[in-house]
$ cat start_31.cif   # mmCIF, C-alpha atoms, pLDDT in the B column; chains and numbers go by the auth columns
data_model
loop_
_atom_site.group_PDB
_atom_site.id
_atom_site.type_symbol
_atom_site.label_atom_id
_atom_site.label_comp_id
_atom_site.label_asym_id
_atom_site.label_seq_id
_atom_site.Cartn_x
_atom_site.Cartn_y
_atom_site.Cartn_z
_atom_site.B_iso_or_equiv
_atom_site.auth_seq_id
_atom_site.auth_asym_id
ATOM 1 C CA MET A 1 -86.296 -56.767 23.501 96.00 1 A
ATOM 2 C CA GLU A 2 -84.589 -54.127 25.608 97.00 2 A
ATOM 3 C CA ILE A 3 -86.141 -51.335 27.642 97.00 3 A
ATOM 4 C CA SER A 4 -84.601 -48.301 29.296 97.00 4 A
ATOM 5 C CA SER A 5 -85.830 -45.045 30.727 96.00 5 A
ATOM 6 C CA GLU A 6 -84.754 -41.528 31.520 95.00 6 A
ATOM 7 C CA GLN A 7 -86.270 -38.678 33.487 94.00 7 A
ATOM 8 C CA LEU A 8 -86.674 -35.463 31.501 95.00 8 A
ATOM 9 C CA ASP A 9 -87.520 -31.970 32.705 91.00 9 A
ATOM 10 C CA GLY A 10 -91.155 -31.265 33.488 86.00 10 A
ATOM 11 C CA ASP A 11 -91.832 -34.597 35.141 90.00 11 A
ATOM 12 C CA ILE A 12 -91.731 -36.293 31.755 95.00 12 A
ATOM 13 C CA TYR A 13 -90.554 -39.861 31.748 95.00 13 A
ATOM 14 C CA LYS A 14 -89.005 -41.142 28.515 97.00 14 A
ATOM 15 C CA ILE A 15 -89.112 -44.880 27.870 97.00 15 A
ATOM 16 C CA ASN A 16 -86.991 -46.385 25.119 98.00 16 A
ATOM 17 C CA LEU A 17 -87.942 -49.702 23.544 98.00 17 A
ATOM 18 C CA THR A 18 -85.614 -51.650 21.278 98.00 18 A
ATOM 19 C CA GLY A 19 -86.171 -54.838 19.340 97.00 19 A
ATOM 20 C CA ARG A 20 -88.976 -56.944 18.000 96.00 20 A
ATOM 21 C CA MET A 21 -92.326 -56.391 19.708 96.00 21 A
ATOM 22 C CA ASP A 22 -93.901 -59.775 18.976 94.00 22 A
ATOM 23 C CA ILE A 23 -95.088 -62.402 21.457 92.00 23 A
ATOM 24 C CA PRO A 24 -91.610 -63.420 22.738 92.00 24 A
ATOM 25 C CA GLY A 25 -90.211 -59.892 22.637 94.00 25 A
ATOM 26 C CA ASN A 26 -93.228 -58.391 24.329 94.00 26 A
ATOM 27 C CA ALA A 27 -92.995 -60.969 27.102 94.00 27 A
ATOM 28 C CA GLU A 28 -89.441 -59.808 27.820 95.00 28 A
ATOM 29 C CA VAL A 29 -90.456 -56.204 28.547 96.00 29 A
ATOM 30 C CA ASP A 30 -94.167 -56.298 29.408 93.00 30 A
ATOM 31 C CA ILE A 31 -93.847 -56.314 33.201 94.00 31 A
ATOM 32 C CA THR A 32 -91.037 -53.748 33.250 95.00 32 A
ATOM 33 C CA PHE A 33 -92.955 -51.492 30.865 96.00 33 A
ATOM 34 C CA SER A 34 -96.108 -51.720 32.944 93.00 34 A
ATOM 35 C CA GLY A 35 -94.100 -50.883 36.053 93.00 35 A
ATOM 36 C CA MET A 36 -92.453 -47.877 34.414 94.00 36 A
ATOM 37 C CA THR A 37 -95.802 -46.487 33.287 94.00 37 A
ATOM 38 C CA ALA A 38 -97.478 -47.075 36.639 89.00 38 A
ATOM 39 C CA SER A 39 -98.575 -44.369 39.050 79.00 39 A
ATOM 40 C CA PRO A 40 -97.540 -41.806 40.260 86.00 40 A
ATOM 41 C CA ARG A 41 -95.905 -40.816 36.974 89.00 41 A
ATOM 42 C CA LYS A 42 -98.253 -39.179 34.491 91.00 42 A
ATOM 43 C CA PHE A 43 -96.358 -37.886 31.476 95.00 43 A
ATOM 44 C CA PHE A 44 -94.542 -40.215 29.118 97.00 44 A
ATOM 45 C CA ILE A 45 -92.687 -40.218 25.844 97.00 45 A
ATOM 46 C CA LEU A 46 -92.414 -43.720 24.400 98.00 46 A
ATOM 47 C CA ASP A 47 -89.442 -43.787 22.030 98.00 47 A
ATOM 48 C CA LEU A 48 -90.148 -46.464 19.404 98.00 48 A
ATOM 49 C CA SER A 49 -87.201 -45.658 17.126 98.00 49 A
ATOM 50 C CA GLY A 50 -85.485 -48.898 18.125 98.00 50 A
ATOM 51 C CA VAL A 51 -88.532 -51.083 17.488 98.00 51 A
ATOM 52 C CA ASP A 52 -88.199 -52.737 14.086 96.00 52 A
ATOM 53 C CA PHE A 53 -91.368 -54.855 14.274 97.00 53 A
ATOM 54 C CA ILE A 54 -94.666 -54.615 16.100 97.00 54 A
ATOM 55 C CA ALA A 55 -97.553 -57.082 16.241 96.00 55 A
ATOM 56 C CA SER A 56 -100.935 -56.670 17.896 94.00 56 A
ATOM 57 C CA ILE A 57 -99.569 -57.943 21.220 94.00 57 A
ATOM 58 C CA GLY A 58 -97.205 -54.960 21.306 95.00 58 A
ATOM 59 C CA ILE A 59 -99.996 -52.550 20.401 94.00 59 A
ATOM 60 C CA ARG A 60 -102.109 -54.045 23.163 92.00 60 A
ATOM 61 C CA THR A 61 -99.310 -53.500 25.707 94.00 61 A
ATOM 62 C CA ILE A 62 -98.959 -49.855 24.678 95.00 62 A
ATOM 63 C CA LEU A 63 -102.723 -49.241 24.704 92.00 63 A
ATOM 64 C CA MET A 64 -103.274 -50.892 28.080 91.00 64 A
ATOM 65 C CA SER A 65 -100.680 -48.599 29.656 93.00 65 A
ATOM 66 C CA ALA A 66 -102.018 -45.607 27.725 93.00 66 A
ATOM 67 C CA LYS A 67 -105.483 -46.285 29.071 90.00 67 A
ATOM 68 C CA ALA A 68 -104.221 -46.445 32.660 91.00 68 A
ATOM 69 C CA ILE A 69 -102.208 -43.255 32.154 94.00 69 A
ATOM 70 C CA GLN A 70 -105.147 -41.394 30.634 90.00 70 A
ATOM 71 C CA ASN A 71 -107.463 -42.584 33.387 89.00 71 A
ATOM 72 C CA ARG A 72 -105.303 -40.777 35.960 91.00 72 A
ATOM 73 C CA GLY A 73 -105.125 -37.610 33.899 92.00 73 A
ATOM 74 C CA GLY A 74 -101.780 -38.291 32.264 94.00 74 A
ATOM 75 C CA LYS A 75 -100.572 -38.434 28.703 95.00 75 A
ATOM 76 C CA ILE A 76 -98.298 -40.611 26.568 96.00 76 A
ATOM 77 C CA VAL A 77 -96.778 -39.603 23.236 97.00 77 A
ATOM 78 C CA LEU A 78 -95.286 -42.093 20.790 98.00 78 A
ATOM 79 C CA LEU A 79 -91.952 -40.944 19.365 98.00 79 A
ATOM 80 C CA ASN A 80 -90.345 -41.772 16.063 98.00 80 A
ATOM 81 C CA PRO A 81 -91.686 -45.185 15.007 98.00 81 A
ATOM 82 C CA ASP A 82 -90.102 -46.475 11.803 96.00 82 A
ATOM 83 C CA SER A 83 -92.247 -46.365 8.668 96.00 83 A
ATOM 84 C CA HIS A 84 -93.586 -49.899 8.960 97.00 84 A
ATOM 85 C CA VAL A 85 -94.265 -49.722 12.686 98.00 85 A
ATOM 86 C CA GLU A 86 -96.129 -46.458 12.077 97.00 86 A
ATOM 87 C CA LYS A 87 -98.101 -48.146 9.281 96.00 87 A
ATOM 88 C CA ILE A 88 -99.178 -50.943 11.630 96.00 88 A
ATOM 89 C CA LEU A 89 -100.095 -48.442 14.347 95.00 89 A
ATOM 90 C CA SER A 90 -102.130 -46.519 11.778 93.00 90 A
ATOM 91 C CA VAL A 91 -103.941 -49.608 10.464 92.00 91 A
ATOM 92 C CA ALA A 92 -104.783 -50.541 14.058 90.00 92 A
ATOM 93 C CA GLY A 93 -106.224 -47.066 14.622 89.00 93 A
ATOM 94 C CA VAL A 94 -103.699 -46.078 17.294 92.00 94 A
ATOM 95 C CA GLY A 95 -102.999 -42.765 15.585 90.00 95 A
ATOM 96 C CA THR A 96 -106.569 -41.668 16.225 88.00 96 A
ATOM 97 C CA ILE A 97 -106.228 -41.856 19.996 89.00 97 A
ATOM 98 C CA LEU A 98 -102.516 -41.313 20.707 94.00 98 A
ATOM 99 C CA ASP A 99 -100.153 -38.651 19.382 95.00 99 A
ATOM 100 C CA ILE A 100 -97.363 -39.966 17.157 97.00 100 A
ATOM 101 C CA VAL A 101 -94.492 -37.523 16.540 97.00 101 A
ATOM 102 C CA HIS A 102 -91.097 -37.688 14.896 97.00 102 A
ATOM 103 C CA SER A 103 -88.841 -35.501 17.011 97.00 103 A
ATOM 104 C CA LEU A 104 -88.200 -35.143 20.715 96.00 104 A
ATOM 105 C CA GLU A 105 -88.764 -31.397 20.429 95.00 105 A
ATOM 106 C CA THR A 106 -92.248 -31.964 19.025 96.00 106 A
ATOM 107 C CA ALA A 107 -92.959 -34.563 21.698 95.00 107 A
ATOM 108 C CA LEU A 108 -92.010 -32.114 24.433 94.00 108 A
ATOM 109 C CA ILE A 109 -94.279 -29.456 22.930 93.00 109 A
ATOM 110 C CA MET A 110 -97.194 -31.895 23.289 91.00 110 A
ATOM 111 C CA PHE A 111 -96.774 -31.596 27.059 90.00 111 A
ATOM 112 C CA SER A 112 -96.400 -27.827 27.191 84.00 112 A
ATOM 113 C CA SER A 113 -100.061 -27.292 28.026 71.00 113 A
ATOM 114 C CA GLN A 114 -100.155 -30.089 30.593 67.00 114 A
ATOM 115 C CA PRO A 115 -100.194 -29.208 34.295 62.00 115 A
ATOM 116 C CA THR A 116 -97.104 -30.527 36.061 57.00 116 A
ATOM 117 C CA LEU A 117 -97.276 -33.487 38.382 47.00 117 A
ATOM 118 C CA GLU A 118 -96.761 -31.200 41.407 49.00 118 A
ATOM 119 C CA GLU A 119 -99.585 -28.916 40.279 52.00 119 A
ATOM 120 C CA ASN A 120 -101.884 -31.884 39.980 49.00 120 A
ATOM 121 C CA ASP A 121 -101.103 -33.267 43.425 46.00 121 A
ATOM 122 C CA MET B 1 -86.911 -61.132 -7.443 44.00 122 B
ATOM 123 C CA GLN B 2 -86.263 -64.841 -7.665 44.00 123 B
ATOM 124 C CA SER B 3 -88.938 -67.436 -8.271 48.00 124 B
ATOM 125 C CA ILE B 4 -87.672 -70.579 -6.677 56.00 125 B
ATOM 126 C CA GLY B 5 -90.580 -72.702 -5.600 74.00 126 B
ATOM 127 C CA LYS B 6 -92.154 -72.935 -2.232 88.00 127 B
ATOM 128 C CA PHE B 7 -91.025 -72.935 1.345 95.00 128 B
ATOM 129 C CA GLU B 8 -92.522 -75.054 4.106 97.00 129 B
ATOM 130 C CA LEU B 9 -92.315 -75.176 7.878 98.00 130 B
ATOM 131 C CA GLN B 10 -94.014 -77.203 10.559 98.00 131 B
ATOM 132 C CA ILE B 11 -94.164 -76.060 14.163 98.00 132 B
ATOM 133 C CA PHE B 12 -95.982 -77.050 17.324 97.00 133 B
ATOM 134 C CA ASN B 13 -98.701 -74.936 18.928 97.00 134 B
ATOM 135 C CA ASP B 14 -96.357 -73.382 21.449 95.00 135 B
ATOM 136 C CA PHE B 15 -95.085 -69.814 21.616 93.00 136 B
ATOM 137 C CA SER B 16 -91.564 -71.140 22.130 94.00 137 B
ATOM 138 C CA GLU B 17 -91.753 -72.126 18.448 96.00 138 B
ATOM 139 C CA PHE B 18 -91.833 -68.441 17.424 95.00 139 B
ATOM 140 C CA LYS B 19 -88.043 -68.371 17.456 93.00 140 B
ATOM 141 C CA VAL B 20 -87.939 -71.158 14.858 96.00 141 B
ATOM 142 C CA MET B 21 -90.755 -69.584 12.850 97.00 142 B
ATOM 143 C CA ASN B 22 -89.183 -66.134 12.803 95.00 143 B
ATOM 144 C CA ALA B 23 -85.805 -67.526 11.754 95.00 144 B
ATOM 145 C CA TRP B 24 -87.507 -69.436 8.920 97.00 145 B
ATOM 146 C CA LEU B 25 -89.351 -66.316 7.786 97.00 146 B
ATOM 147 C CA GLN B 26 -86.192 -64.205 7.739 96.00 147 B
ATOM 148 C CA ASN B 27 -84.464 -66.886 5.689 95.00 148 B
ATOM 149 C CA VAL B 28 -87.369 -66.970 3.202 95.00 149 B
ATOM 150 C CA PHE B 29 -87.397 -63.182 2.911 94.00 150 B
ATOM 151 C CA LYS B 30 -83.662 -63.121 2.301 94.00 151 B
ATOM 152 C CA THR B 31 -83.759 -65.941 -0.232 93.00 152 B
ATOM 153 C CA LEU B 32 -86.588 -64.309 -2.176 90.00 153 B
ATOM 154 C CA ALA B 33 -85.127 -60.825 -1.776 91.00 154 B
ATOM 155 C CA LEU B 34 -88.586 -59.578 -0.856 93.00 155 B
ATOM 156 C CA PRO B 35 -89.042 -55.822 -0.526 94.00 156 B
ATOM 157 C CA GLU B 36 -88.633 -54.953 3.145 94.00 157 B
ATOM 158 C CA LEU B 37 -92.082 -53.465 3.697 94.00 158 B
ATOM 159 C CA LEU B 38 -93.847 -56.375 2.017 95.00 159 B
ATOM 160 C CA ALA B 39 -91.776 -58.838 4.045 96.00 160 B
ATOM 161 C CA LYS B 40 -92.771 -57.030 7.235 96.00 161 B
ATOM 162 C CA ASP B 41 -96.461 -57.088 6.250 97.00 162 B
ATOM 163 C CA LEU B 42 -96.179 -60.833 5.732 97.00 163 B
ATOM 164 C CA ASP B 43 -94.258 -61.170 9.003 97.00 164 B
ATOM 165 C CA VAL B 44 -97.018 -59.364 10.920 97.00 165 B
ATOM 166 C CA CYS B 45 -99.751 -61.510 9.369 97.00 166 B
ATOM 167 C CA VAL B 46 -97.931 -64.783 10.106 97.00 167 B
ATOM 168 C CA ASN B 47 -97.459 -63.691 13.690 96.00 168 B
ATOM 169 C CA GLU B 48 -101.122 -62.722 14.064 95.00 169 B
ATOM 170 C CA ALA B 49 -102.471 -65.880 12.425 96.00 170 B
ATOM 171 C CA VAL B 50 -100.265 -68.275 14.386 96.00 171 B
ATOM 172 C CA THR B 51 -100.890 -66.397 17.636 94.00 172 B
ATOM 173 C CA ASN B 52 -104.636 -66.788 17.132 93.00 173 B
ATOM 174 C CA ILE B 53 -104.268 -70.501 16.393 96.00 174 B
ATOM 175 C CA ILE B 54 -102.161 -71.121 19.509 94.00 175 B
ATOM 176 C CA LEU B 55 -104.455 -69.067 21.734 92.00 176 B
ATOM 177 C CA TYR B 56 -107.885 -70.064 20.440 92.00 177 B
ATOM 178 C CA ALA B 57 -107.894 -73.043 18.070 94.00 178 B
ATOM 179 C CA TYR B 58 -107.502 -75.909 20.517 95.00 179 B
ATOM 180 C CA GLU B 59 -109.804 -76.995 23.284 93.00 180 B
ATOM 181 C CA ASP B 60 -107.351 -79.531 24.681 94.00 181 B
ATOM 182 C CA GLN B 61 -103.886 -79.101 26.133 91.00 182 B
ATOM 183 C CA LYS B 62 -102.251 -81.502 23.688 95.00 183 B
ATOM 184 C CA SER B 63 -99.455 -80.752 21.286 96.00 184 B
ATOM 185 C CA HIS B 64 -100.620 -79.995 17.735 97.00 185 B
ATOM 186 C CA GLN B 65 -98.804 -79.308 14.514 97.00 186 B
ATOM 187 C CA ILE B 66 -99.196 -76.159 12.453 98.00 187 B
ATOM 188 C CA GLN B 67 -98.028 -76.281 8.838 98.00 188 B
ATOM 189 C CA MET B 68 -96.974 -73.203 6.881 98.00 189 B
ATOM 190 C CA GLN B 69 -96.245 -72.812 3.210 97.00 190 B
ATOM 191 C CA ILE B 70 -95.086 -69.766 1.253 96.00 191 B
ATOM 192 C CA GLU B 71 -95.176 -69.710 -2.533 94.00 192 B
ATOM 193 C CA PHE B 72 -95.804 -67.464 -5.515 86.00 193 B
ATOM 194 C CA ASN B 73 -99.007 -67.694 -7.526 80.00 194 B
ATOM 195 C CA GLU B 74 -99.803 -66.884 -11.143 79.00 195 B
ATOM 196 C CA ASN B 75 -101.080 -63.441 -10.173 79.00 196 B
ATOM 197 C CA GLU B 76 -97.662 -62.194 -9.099 84.00 197 B
ATOM 198 C CA GLU B 77 -98.596 -62.591 -5.481 90.00 198 B
ATOM 199 C CA ILE B 78 -96.743 -64.264 -2.689 94.00 199 B
ATOM 200 C CA CYS B 79 -99.124 -66.405 -0.678 95.00 200 B
ATOM 201 C CA LEU B 80 -98.855 -67.915 2.758 96.00 201 B
ATOM 202 C CA THR B 81 -101.035 -70.880 3.674 97.00 202 B
ATOM 203 C CA ILE B 82 -101.370 -71.958 7.287 98.00 203 B
ATOM 204 C CA GLN B 83 -102.941 -75.299 8.118 98.00 204 B
ATOM 205 C CA ASP B 84 -104.052 -76.339 11.588 98.00 205 B
ATOM 206 C CA ASP B 85 -106.265 -79.060 13.068 97.00 206 B
ATOM 207 C CA GLY B 86 -107.980 -76.815 15.569 96.00 207 B
ATOM 208 C CA SER B 87 -111.647 -75.914 15.785 95.00 208 B
ATOM 209 C CA PRO B 88 -113.101 -74.708 12.469 95.00 209 B
ATOM 210 C CA PHE B 89 -112.648 -70.963 12.224 93.00 210 B
ATOM 211 C CA ASP B 90 -112.861 -68.657 9.224 93.00 211 B
ATOM 212 C CA PRO B 91 -111.051 -65.471 10.248 90.00 212 B
ATOM 213 C CA PHE B 92 -112.346 -63.594 7.219 88.00 213 B
ATOM 214 C CA SER B 93 -116.047 -64.149 7.729 86.00 214 B
ATOM 215 C CA ALA B 94 -115.870 -63.739 11.478 71.00 215 B
ATOM 216 C CA VAL B 95 -117.885 -60.815 12.739 66.00 216 B
ATOM 217 C CA LEU B 96 -115.712 -58.617 14.896 62.00 217 B
ATOM 218 C CA THR B 97 -117.697 -58.059 18.044 56.00 218 B
ATOM 219 C CA ASP B 98 -117.484 -55.530 20.818 53.00 219 B
ATOM 220 C CA LYS B 99 -116.309 -58.139 23.302 53.00 220 B
ATOM 221 C CA TYR B 100 -112.868 -56.591 23.624 56.00 221 B
ATOM 222 C CA GLU B 101 -111.829 -53.945 26.087 62.00 222 B
ATOM 223 C CA LYS B 102 -111.782 -50.544 24.463 65.00 223 B
ATOM 224 C CA ILE B 103 -109.901 -47.310 24.790 68.00 224 B
ATOM 225 C CA ASP B 104 -111.734 -44.358 23.246 67.00 225 B
ATOM 226 C CA GLY B 105 -113.711 -46.717 21.029 65.00 226 B
ATOM 227 C CA LEU B 106 -110.679 -48.681 19.799 65.00 227 B
ATOM 228 C CA ASN B 107 -110.571 -52.392 20.583 65.00 228 B
ATOM 229 C CA ILE B 108 -107.478 -53.210 22.622 65.00 229 B
ATOM 230 C CA GLY B 109 -107.859 -56.899 21.902 68.00 230 B
ATOM 231 C CA GLY B 110 -108.947 -58.343 18.590 80.00 231 B
ATOM 232 C CA LEU B 111 -106.504 -56.346 16.481 87.00 232 B
ATOM 233 C CA GLY B 112 -104.989 -59.353 14.728 90.00 233 B
ATOM 234 C CA ILE B 113 -107.773 -60.134 12.271 91.00 234 B
ATOM 235 C CA PRO B 114 -108.252 -56.497 11.173 90.00 235 B
ATOM 236 C CA LEU B 115 -104.493 -56.276 10.605 93.00 236 B
ATOM 237 C CA MET B 116 -104.560 -59.416 8.448 94.00 237 B
ATOM 238 C CA ARG B 117 -107.528 -58.096 6.477 92.00 238 B
ATOM 239 C CA SER B 118 -105.859 -54.735 5.878 93.00 239 B
ATOM 240 C CA LEU B 119 -102.368 -55.907 4.978 96.00 240 B
ATOM 241 C CA THR B 120 -103.270 -58.628 2.466 96.00 241 B
ATOM 242 C CA SER B 121 -104.321 -58.348 -1.175 94.00 242 B
ATOM 243 C CA GLN B 122 -106.351 -61.585 -1.066 93.00 243 B
ATOM 244 C CA ARG B 123 -107.517 -63.882 1.697 94.00 244 B
ATOM 245 C CA HIS B 124 -108.996 -67.381 1.506 94.00 245 B
ATOM 246 C CA TYR B 125 -110.263 -69.871 4.023 96.00 246 B
ATOM 247 C CA ARG B 126 -111.118 -73.547 3.468 97.00 247 B
ATOM 248 C CA TRP B 127 -111.979 -76.420 5.779 97.00 248 B
ATOM 249 C CA VAL B 128 -110.377 -79.504 4.238 97.00 249 B
ATOM 250 C CA ASN B 129 -110.031 -82.974 5.716 96.00 250 B
ATOM 251 C CA GLY B 130 -110.650 -81.746 9.222 95.00 251 B
ATOM 252 C CA LYS B 131 -108.195 -78.875 9.010 97.00 252 B
ATOM 253 C CA ASN B 132 -108.356 -75.096 8.740 98.00 253 B
ATOM 254 C CA ASN B 133 -106.548 -73.811 5.647 98.00 254 B
ATOM 255 C CA THR B 134 -105.993 -70.071 5.859 97.00 255 B
ATOM 256 C CA THR B 135 -104.307 -68.386 2.896 97.00 256 B
ATOM 257 C CA LEU B 136 -102.987 -64.836 2.934 97.00 257 B
ATOM 258 C CA CYS B 137 -101.701 -63.257 -0.289 96.00 258 B
ATOM 259 C CA PHE B 138 -99.557 -60.172 -0.794 96.00 259 B
ATOM 260 C CA CYS B 139 -99.229 -58.318 -4.066 93.00 260 B
ATOM 261 C CA LEU B 140 -95.640 -57.910 -5.243 87.00 261 B
ATOM 262 C CA SER B 141 -96.290 -54.772 -7.290 77.00 262 B
#

$ encode --input "start_31.cif" --output "structure tokens"
Amino acid sequence: MEISSEQLDGDIYKINLTGRMDIPGNAEVDITFSGMTASPRKFFILDLSGVDFIASIGIRTILMSAKAIQNRGGKIVLLNPDSHVEKILSVAGVGTILDIVHSLETALIMFSSQPTLEEND
Amino acid sequence: MQSIGKFELQIFNDFSEFKVMNAWLQNVFKTLALPELLAKDLDVCVNEAVTNIILYAYEDQKSHQIQMQIEFNENEEICLTIQDDGSPFDPFSAVLTDKYEKIDGLNIGGLGIPLMRSLTSQRHYRWVNGKNNTTLCFCLS
């Protein structure tokens, strides 16, 4: 797997995952992903458009980071999973606790009511 | 859709074998010209089942063999059977407990078995000659 990131306006950090999120693939990005989603950042868009397969290990990685982010008052939005990845996320119940959107504009709107990082500090 | 017998693979209980397993699966999917979404459902279930075997089936640190077989049945289903010599475990009668860490009520661990239950049209488990035989079937229609 590959992982990259970019800083967007409004203290939003966009993380892009590419590849197959199974046991071997997840192991390639797990530590980097956990580091990227670590404090002090709070607001994240996780772009899944490049992920063509996800197993429960990948869901677990996303949820563990989401839990840590939510525990410090942050938020993570999942962006543009392909139809099968979204199906697996739905079956696993992820859609009931995390927002899943299909455009960057919609993802950014999800943060419009969030206080900025500076306002929180 | 072609109907050309069955496909078999044997791997060891080591995650390094996933590369071999995934290559085999992609070759089977291509040979059978399986619909993409069905192939991905099967792919997920194989990954979950084998992951569970490697993580939980063996109490020793020895190398064990895991056999896999994919074939069509008379009900127009494609069925995967996984055989392992680990501890007896029926994934389909197992009660899913609250032992896993949760986020807003959702289990973070323990997602594999619910995924297998949801994505398959039929599921069977048998204990035969000291081995677990787990069969997962997927409807072609």

$ interface_residues --input "start_31.cif" --of "chain A" --to "chain B" --cutoff "8 Å" --atoms "all atoms listed in the file" --output "PyMOL selection string"
chain A and resi 22-24+53-56+59-60+63-64+67+84+88+91-94+97

$ write_last_selection --input "start_31.cif" --atoms "C-alpha atoms" --output "PDB file, in the frame of the given file"
ATOM      1  CA  ASP A  22     -93.901 -59.775  18.976  1.00 94.00           C
ATOM      2  CA  ILE A  23     -95.088 -62.402  21.457  1.00 92.00           C
ATOM      3  CA  PRO A  24     -91.610 -63.420  22.738  1.00 92.00           C
ATOM      4  CA  PHE A  53     -91.368 -54.855  14.274  1.00 97.00           C
ATOM      5  CA  ILE A  54     -94.666 -54.615  16.100  1.00 97.00           C
ATOM      6  CA  ALA A  55     -97.553 -57.082  16.241  1.00 96.00           C
ATOM      7  CA  SER A  56    -100.935 -56.670  17.896  1.00 94.00           C
ATOM      8  CA  ILE A  59     -99.996 -52.550  20.401  1.00 94.00           C
ATOM      9  CA  ARG A  60    -102.109 -54.045  23.163  1.00 92.00           C
ATOM     10  CA  LEU A  63    -102.723 -49.241  24.704  1.00 92.00           C
ATOM     11  CA  MET A  64    -103.274 -50.892  28.080  1.00 91.00           C
ATOM     12  CA  LYS A  67    -105.483 -46.285  29.071  1.00 90.00           C
ATOM     13  CA  HIS A  84     -93.586 -49.899   8.960  1.00 97.00           C
ATOM     14  CA  ILE A  88     -99.178 -50.943  11.630  1.00 96.00           C
ATOM     15  CA  VAL A  91    -103.941 -49.608  10.464  1.00 92.00           C
ATOM     16  CA  ALA A  92    -104.783 -50.541  14.058  1.00 90.00           C
ATOM     17  CA  GLY A  93    -106.224 -47.066  14.622  1.00 89.00           C
ATOM     18  CA  VAL A  94    -103.699 -46.078  17.294  1.00 92.00           C
ATOM     19  CA  ILE A  97    -106.228 -41.856  19.996  1.00 89.00           C
TER      20      ILE A  97
END

$ resolve_selection --input "start_31.cif" --expression "the PyMOL selection byres ((chain A and resi 6-21) around 7)" --output "JSON, numbers by chain"
{"A": [1, 2, 3, 4, 5, 22, 23, 25, 26, 43, 44, 45, 46, 47, 48, 50, 51, 52, 53, 54, 55, 58, 116, 117]}

$ resolve_selection --input "start_31.cif" --expression "the PyMOL selection byres ((chain B and resi 146-149) around 10)" --output "PyMOL selection string"
chain B and resi 127-130+140-145+150-155+160-161+163-164+167+191

$ resolve_selection --input "start_31.cif" --expression "the PyMOL selection byres ((chain B and resi 174) around 12)" --output "ChimeraX atom specification"
/B:132-136,167-173,175-180,185-188,203-212,233-234,252-255

$ closest_residue --input "start_31.cif" --among "A:Ser49, A:Asn80, A:Thr61, A:Asn71" --to "Ser34 in chain A" --atoms "only C-alpha atoms"
A:Thr61

$ atom_distance --input "start_31.cif" --atom1 "CA of Ser242 in chain B" --atom2 "CA of Phe259 in chain B"
5.1 Å

$ atom_distance --input "start_31.cif" --atom1 "CA of Ile199 in chain B" --atom2 "CA of His245 in chain B"
13.3 Å
